[in-house]
Amino acid sequence: MKTLIPGDKIVLRPYRMEDAAVILQGASHPTLRRLTGTQATFTLEQTEKYVARQADADDRAGFIIAEPETLAALGEVVILDIDPDNRCAHIRITLFDEIHLGKGYGTEAMRLAVDYGFRVLKLHRIGLDVFDFNPRAIRVYEKIGFKQEGIQRDTLFYDGEYYSSILMSILEDDWREKR
Ligand SMILES: CC(C)(COP(=O)(O)OP(=O)(O)OC[C@H]1O[C@@H](n2cnc3c(N)ncnc32)[C@H](O)[C@@H]1OP(=O)(O)O)[C@@H](O)C(=O)NCCC(=O)NCCS
């Protein structure tokens, strides 16, 4: 993704190497780590390699969710595991700071990325999984047109307890209906 995709509250833009510090901040935040099921810890060097991979990889389309005026990084949304034969992929999203949650950024970013997936990448299906203790994310996905497909039991072991995840997907027909 070379260009900027404009929205109202946010824009989607390509990754920049200086985003690594704020990505690392998000990946170290206890609430965000739990909501995304992040177990590993990362160094700045590893995070910079992650940023470099986003630009090179051809099986994914990653976007930084950015503030429209300053283009400061607020989060990321990544279409990954793109399978051109079956026209399917997965998607994941996170904002990098708890103060950004609940302001409509996630809904808009997800909608723009899903539009990109169907319109530009010509996908047929986009799937994701979300932990059952994350009603805000589930609400965002359902607003956009994702449907629940089933539950995977005990996929996450976090702070001594098991949690399940919900599989969701949106097909191109679901997306057309919501437009
Ligand atoms: C998930 C995430 C991307 C959503 O983005 P966001 O900007 O916070 O969400 P929005 O403000 O666009 O929308 C939140 C919606 O959930 C609703 N909501 C908030 N808390 C809720 C709750 N406890 N139960 C049900 N709905 C809830 C809001 O009312 C809003 O819906 P509405 O527009 O119909 O009123 C963001 O919260 C995030 O990054 N969370 C941390 C990481 C994460 O959970 N990633 C997803 C992993 S699968």
# chains A, B, ... in the order shown; residues from 1 in each chain; ligands from 1
$ residues_near_ligand --ligand "ligand 1" --cutoff "7 Å" --atoms "only C-alpha atoms and all ligand atoms" --output "PyMOL selection string"
chain A and resi 32+35-36+92-96+100-108+129-131+134-137+139-140
$ write_last_selection --atoms "C-alpha atoms" --output "JSON list (two decimals), in the first residue's frame"
[["chain", "number", "residue", "atom", "x", "y", "z"],
["A", 32, "LEU", "CA", -4.03, -4.11, 24.86],
["A", 35, "LEU", "CA", -7.29, -7.97, 24.31],
["A", 36, "THR", "CA", -5.00, -9.07, 21.48],
["A", 92, "ARG", "CA", -6.47, -7.95, 12.59],
["A", 93, "ILE", "CA", -6.64, -4.52, 14.17],
["A", 94, "THR", "CA", -5.36, -2.74, 17.26],
["A", 95, "LEU", "CA", -5.02, 0.79, 18.47],
["A", 96, "PHE", "CA", -1.72, 1.56, 20.22],
["A", 100, "HIS", "CA", -7.68, 6.07, 21.63],
["A", 101, "LEU", "CA", -10.33, 3.42, 22.33],
["A", 102, "GLY", "CA", -14.04, 4.14, 21.93],
["A", 103, "LYS", "CA", -13.66, 7.22, 19.69],
["A", 104, "GLY", "CA", -14.82, 5.61, 16.46],
["A", 105, "TYR", "CA", -11.29, 5.14, 15.05],
["A", 106, "GLY", "CA", -11.47, 1.35, 14.98],
["A", 107, "THR", "CA", -14.82, 1.20, 13.17],
["A", 108, "GLU", "CA", -13.66, 3.61, 10.49],
["A", 129, "ASP", "CA", -10.94, -14.34, 15.47],
["A", 130, "VAL", "CA", -11.72, -12.37, 18.59],
["A", 131, "PHE", "CA", -11.68, -13.37, 22.25],
["A", 134, "ASN", "CA", -13.89, -8.41, 23.92],
["A", 135, "PRO", "CA", -17.48, -7.17, 23.30],
["A", 136, "ARG", "CA", -16.28, -3.82, 21.93],
["A", 137, "ALA", "CA", -14.33, -5.46, 19.11],
["A", 139, "ARG", "CA", -19.60, -4.94, 18.17],
["A", 140, "VAL", "CA", -17.29, -3.16, 15.69]]
$ residues_around --residues "range 112-123 of chain A" --least-positions-apart "4" --cutoff "12 Å" --atoms "only C-alpha atoms" --output "ChimeraX atom specification"
/A:1,3-13,58-65,76-93,105-108,127-128,141,144-146,169-176,178-179
$ select_by_dssp --residues "chain A" --states "strand (DSSP E or B)" --output "MDAnalysis selection string"
chainID A and resid 5:6 11:13 61:66 73:83 88:95 125:131 147:158 161:171
$ select_by_dssp --residues "chain A" --states "helix (DSSP H, G or I)" --output "PyMOL selection string"
chain A and resi 17-28+30-36+44-56+98-100+105-119+135-144+172-178
$ residues_around --residues "Thr43 in chain A" --least-positions-apart "2" --cutoff "12 Å" --atoms "only C-alpha atoms" --output "list of chain:residue names"
A:Ala20, A:Ala21, A:Ile23, A:Leu24, A:Gln25, A:Ala27, A:Ser28, A:Ala40, A:Thr41, A:Glu45, A:Gln46, A:Thr47, A:Glu48, A:Lys49, A:Tyr50
$ residues_around --residues "Ser164 in chain A" --least-positions-apart "4" --cutoff "10 Å" --atoms "only C-alpha atoms" --output "MDAnalysis selection string"
chainID A and resid 129:133 151:157
